[in-house]
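What's in query.cif: mmCIF, C-alpha atoms
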data_input
loop_
_atom_site.group_PDB
_atom_site.id
_atom_site.type_symbol
_atom_site.label_atom_id
_atom_site.label_comp_id
_atom_site.auth_asym_id
_atom_site.auth_seq_id
_atom_site.Cartn_x
_atom_site.Cartn_y
_atom_site.Cartn_z
ATOM 1 C CA MET K 1 42.253 51.394 32.993
ATOM 2 C CA THR K 2 38.687 52.642 32.581
ATOM 3 C CA GLU K 3 37.931 55.996 34.129
ATOM 4 C CA GLN K 4 35.203 55.793 36.732
ATOM 5 C CA TYR K 5 33.192 58.743 37.906
ATOM 6 C CA SER K 6 30.132 59.344 39.999
ATOM 7 C CA THR K 7 27.754 62.240 40.098
ATOM 8 C CA PRO K 8 25.794 63.834 42.883
ATOM 9 C CA ALA K 9 22.680 62.685 41.015
ATOM 10 C CA GLY K 10 23.015 59.036 41.922
ATOM 11 C CA PRO K 11 24.923 56.501 43.963
ATOM 12 C CA GLY K 12 27.768 54.378 42.720
ATOM 13 C CA PRO K 13 30.457 54.828 40.118
ATOM 14 C CA VAL K 14 29.385 54.761 36.500
ATOM 15 C CA ASP K 15 31.488 53.256 33.741
ATOM 16 C CA PRO K 16 31.806 55.821 30.904
ATOM 17 C CA GLY K 17 31.248 52.961 28.457
ATOM 18 C CA LEU K 18 27.771 52.488 29.895
ATOM 19 C CA VAL K 19 27.048 56.196 29.438
ATOM 20 C CA THR K 20 28.054 55.870 25.780
ATOM 21 C CA TYR K 21 25.950 52.721 25.502
ATOM 22 C CA THR K 22 22.936 54.638 26.839
ATOM 23 C CA HIS K 23 23.564 57.441 24.321
ATOM 24 C CA VAL K 24 23.512 54.828 21.541
ATOM 25 C CA ILE K 25 20.163 53.525 22.793
ATOM 26 C CA TYR K 26 18.676 57.038 22.781
ATOM 27 C CA ALA K 27 20.110 57.562 19.286
ATOM 28 C CA LEU K 28 18.405 54.386 18.058
ATOM 29 C CA HIS K 29 15.075 55.502 19.536
ATOM 30 C CA ALA K 30 15.533 58.972 18.019
ATOM 31 C CA LEU K 31 16.336 57.372 14.648
ATOM 32 C CA SER K 32 13.074 55.426 14.778
ATOM 33 C CA ALA K 33 11.143 58.597 15.578
ATOM 34 C CA ALA K 34 12.912 60.469 12.757
ATOM 35 C CA ILE K 35 12.098 57.692 10.299
ATOM 36 C CA GLY K 36 8.455 58.029 11.356
ATOM 37 C CA ILE K 37 8.523 61.804 10.878
ATOM 38 C CA LEU K 38 10.360 61.802 7.562
ATOM 39 C CA GLY K 39 9.047 58.584 6.059
ATOM 40 C CA ALA K 40 5.703 57.135 5.137
ATOM 41 C CA ALA K 41 5.229 55.533 8.564
ATOM 42 C CA SER K 42 3.955 57.263 11.680
ATOM 43 C CA ILE K 43 6.248 57.992 14.599
ATOM 44 C CA VAL K 44 4.409 55.378 16.642
ATOM 45 C CA GLY K 45 4.567 52.718 13.939
ATOM 46 C CA SER K 46 8.232 53.335 13.314
ATOM 47 C CA PHE K 47 9.019 53.478 17.036
ATOM 48 C CA VAL K 48 7.174 50.315 18.037
ATOM 49 C CA PHE K 49 7.797 48.199 14.952
ATOM 50 C CA GLY K 50 11.023 49.724 13.622
ATOM 51 C CA VAL K 51 14.257 47.779 13.815
ATOM 52 C CA PRO K 52 16.229 50.582 15.561
ATOM 53 C CA SER K 53 13.832 50.758 18.534
ATOM 54 C CA ILE K 54 13.510 47.001 18.802
ATOM 55 C CA VAL K 55 17.311 46.702 18.841
ATOM 56 C CA ALA K 56 17.446 49.490 21.456
ATOM 57 C CA VAL K 57 15.022 47.698 23.781
ATOM 58 C CA ILE K 58 16.960 44.450 23.417
ATOM 59 C CA MET K 59 20.126 46.389 24.286
ATOM 60 C CA ASN K 60 18.333 47.798 27.366
ATOM 61 C CA TYR K 61 17.431 44.362 28.638
ATOM 62 C CA ALA K 62 20.873 42.944 27.818
ATOM 63 C CA ARG K 63 22.765 45.437 30.004
ATOM 64 C CA ARG K 64 20.127 46.436 32.555
ATOM 65 C CA SER K 65 21.819 44.508 35.360
ATOM 66 C CA ASP K 66 25.058 46.424 34.694
ATOM 67 C CA VAL K 67 23.443 49.763 35.564
ATOM 68 C CA ARG K 68 21.559 48.668 38.698
ATOM 69 C CA GLY K 69 22.304 51.005 41.581
ATOM 70 C CA THR K 70 23.549 53.822 39.356
ATOM 71 C CA TRP K 71 21.869 56.914 37.962
ATOM 72 C CA LEU K 72 21.775 55.195 34.564
ATOM 73 C CA ASP K 73 19.210 52.733 35.931
ATOM 74 C CA SER K 74 16.528 55.420 35.646
ATOM 75 C CA HIS K 75 17.377 55.884 31.956
ATOM 76 C CA PHE K 76 17.099 52.193 31.183
ATOM 77 C CA GLY K 77 13.718 52.020 32.929
ATOM 78 C CA TRP K 78 12.607 55.207 31.136
ATOM 79 C CA GLN K 79 13.560 53.809 27.723
ATOM 80 C CA ILE K 80 11.937 50.429 28.334
ATOM 81 C CA ARG K 81 8.726 51.983 29.664
ATOM 82 C CA THR K 82 8.564 54.408 26.735
ATOM 83 C CA PHE K 83 8.666 51.515 24.274
ATOM 84 C CA TRP K 84 6.123 49.292 26.026
ATOM 85 C CA TYR K 85 3.723 52.130 26.937
ATOM 86 C CA ALA K 86 3.790 53.358 23.330
ATOM 87 C CA LEU K 87 2.828 49.874 22.174
ATOM 88 C CA LEU K 88 0.086 49.629 24.809
ATOM 89 C CA MET K 89 -1.353 53.066 24.034
ATOM 90 C CA ALA K 90 -1.287 52.426 20.273
ATOM 91 C CA THR K 91 -3.124 49.141 20.818
ATOM 92 C CA ILE K 92 -5.766 50.868 22.947
ATOM 93 C CA VAL K 93 -6.232 53.647 20.367
ATOM 94 C CA PHE K 94 -6.596 51.073 17.604
ATOM 95 C CA LEU K 95 -9.067 48.922 19.565
ATOM 96 C CA LEU K 96 -11.197 51.918 20.526
ATOM 97 C CA SER K 97 -11.115 53.412 17.023
ATOM 98 C CA LEU K 98 -11.762 50.188 15.124
ATOM 99 C CA PRO K 99 -15.516 49.950 15.845
ATOM 100 C CA LEU K 100 -15.907 53.653 15.053
ATOM 101 C CA MET K 101 -14.347 53.165 11.619
ATOM 102 C CA ILE K 102 -17.690 51.800 10.433
ATOM 103 C CA VAL K 103 -19.049 55.344 10.628
ATOM 104 C CA PHE K 104 -15.700 56.873 9.574
ATOM 105 C CA VAL K 105 -15.228 58.647 12.917
ATOM 106 C CA GLY K 106 -12.686 56.003 13.899
ATOM 107 C CA PHE K 107 -10.268 57.132 11.209
ATOM 108 C CA PHE K 108 -10.198 60.566 12.821
ATOM 109 C CA THR K 109 -9.868 59.248 16.391
ATOM 110 C CA ALA K 110 -7.086 56.853 15.339
ATOM 111 C CA ALA K 111 -5.169 59.614 13.565
ATOM 112 C CA ILE K 112 -5.479 61.983 16.529
ATOM 113 C CA GLY K 113 -4.514 59.245 18.993
ATOM 114 C CA ILE K 114 -1.467 58.177 16.984
ATOM 115 C CA PHE K 115 -0.399 61.821 16.589
ATOM 116 C CA VAL K 116 -0.620 62.448 20.355
ATOM 117 C CA ILE K 117 1.313 59.259 21.135
ATOM 118 C CA GLY K 118 3.937 60.324 18.591
ATOM 119 C CA LEU K 119 4.382 63.666 20.354
ATOM 120 C CA TRP K 120 4.669 61.822 23.667
ATOM 121 C CA ILE K 121 7.405 59.562 22.241
ATOM 122 C CA VAL K 122 9.394 62.532 20.934
ATOM 123 C CA TYR K 123 9.045 64.238 24.335
ATOM 124 C CA ARG K 124 10.208 61.129 26.225
ATOM 125 C CA VAL K 125 13.233 60.553 23.994
ATOM 126 C CA ALA K 126 14.238 64.232 24.138
ATOM 127 C CA ARG K 127 13.733 64.586 27.891
ATOM 128 C CA GLY K 128 15.642 61.409 28.649
ATOM 129 C CA TRP K 129 18.511 62.220 26.322
ATOM 130 C CA LEU K 130 18.828 65.760 27.742
ATOM 131 C CA ALA K 131 18.968 64.328 31.268
ATOM 132 C CA LEU K 132 21.651 61.873 30.153
ATOM 133 C CA ASN K 133 23.677 64.740 28.650
ATOM 134 C CA ASP K 134 23.468 66.477 32.044
ATOM 135 C CA ARG K 135 24.607 63.211 33.693
ATOM 136 C CA ARG K 136 21.564 62.996 35.908
ATOM 137 C CA PRO K 137 18.758 60.472 36.280
ATOM 138 C CA VAL K 138 15.544 61.038 34.380
ATOM 139 C CA GLY K 139 13.044 62.925 36.490
ATOM 140 C CA ALA K 140 15.646 64.663 38.658
#

This structure in structure tokens:
Amino acid sequence: MTEQYSTPAGPGPVDPGLVTYTHVIYALHALSAAIGILGAASIVGSFVFGVPSIVAVIMNYARRSDVRGTWLDSHFGWQIRTFWYALLMATIVFLLSLPLMIVFVGFFTAAIGIFVIGLWIVYRVARGWLALNDRRPVGA
């Protein structure tokens, strides 16, 4: 028999297996960020194009219906939005910096933009994972 528990942070019982599953997803996102920090890639490049984050987002979509109506739903939305917004912001930075690369200013704007997005990714992964450890929805 699987132990069920609920928290004051959200309605409905939550399967502990889903909590573990969500921890694994955060770990995969954190691994991608760490690869970007420690490797030759940037955090953004590793996060958006790295296998761990892509697997994590697929895992989010695969089990999203299982967490509907629970406090874990906010974590799944948080993780999915972090991935897609990082991709969108990186694309915007690249498109805005590309024309400026002719006069070499674009290399600076791209580097600054990618650095700021990388900090944002680390913040989102850390904040979400800390909220999960406290067994509360993100943003509460």

List every protein, DNA or RNA residue that has at least one atom no more than 10 Å from (19.1, 46.4, 23.7) in the file's coordinates, counting all atoms listed in the file, and write the result as a VMD selection string. chain K and resid 21 to 22 24 to 25 28 52 to 64 76 80

Starting from the shown file, work through the PyMOL selection byres ((chain K and resi 110-115) around 10) and note down what comes out as a PyMOL selection string. chain K and resi 42-45+86+89-98+100-101+105-109+116-121

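Here atom CA of K:Ile37 is placed at a distance of 26.3 Å from atom CA of K:Asp134.
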
Given the file shown, determine the residues that the PyMOL selection byres ((chain K and resi 19) around 12) selects; report them as a ChimeraX atom specification. /K:3-6,13-18,20-26,63,66-67,70-73,75-76,129,131-137

For K:Trp84, the nearest of the candidates K:Leu130, K:Val48, K:Val122, K:Ala27, counting all atoms listed in the file: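 Closest to K:Trp84 of all the choices is K:Val48.
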
Here atom CA of K:Gly139 and atom CA of K:Ser46 stand apart by 25.5 Å

Nearest candidate to K:Phe83 (options K:Ser32, K:Val103, K:Arg68, K:Phe47; using all atoms listed in the file):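 Answer, going by the shortest atom-to-atom distance: K:Phe47.
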
Computed interatomic separation between atom CA of K:Ile102 and atom CA of K:Ala41 (Å): 23.3 Å

For K:Ser65, which residue out of K:Pro99, K:Gly36, K:Gly50, K:Gly77 is the nearest one, using all atoms listed in the file?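 Ranked by minimum distance to K:Ser65, first place goes to K:Gly77.
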
So that all listed atoms of stretch 35-54 of chain K fit with 8 Å spare on each side, what axis-aligned box centre and edge lengths in Å, to one decimal, would you give as lines of an AutoDock Vina configuration file?
center_x = 10.1
center_y = 54.4
center_z = 12.0
size_x = 28.3
size_y = 30.8
size_z = 29.7
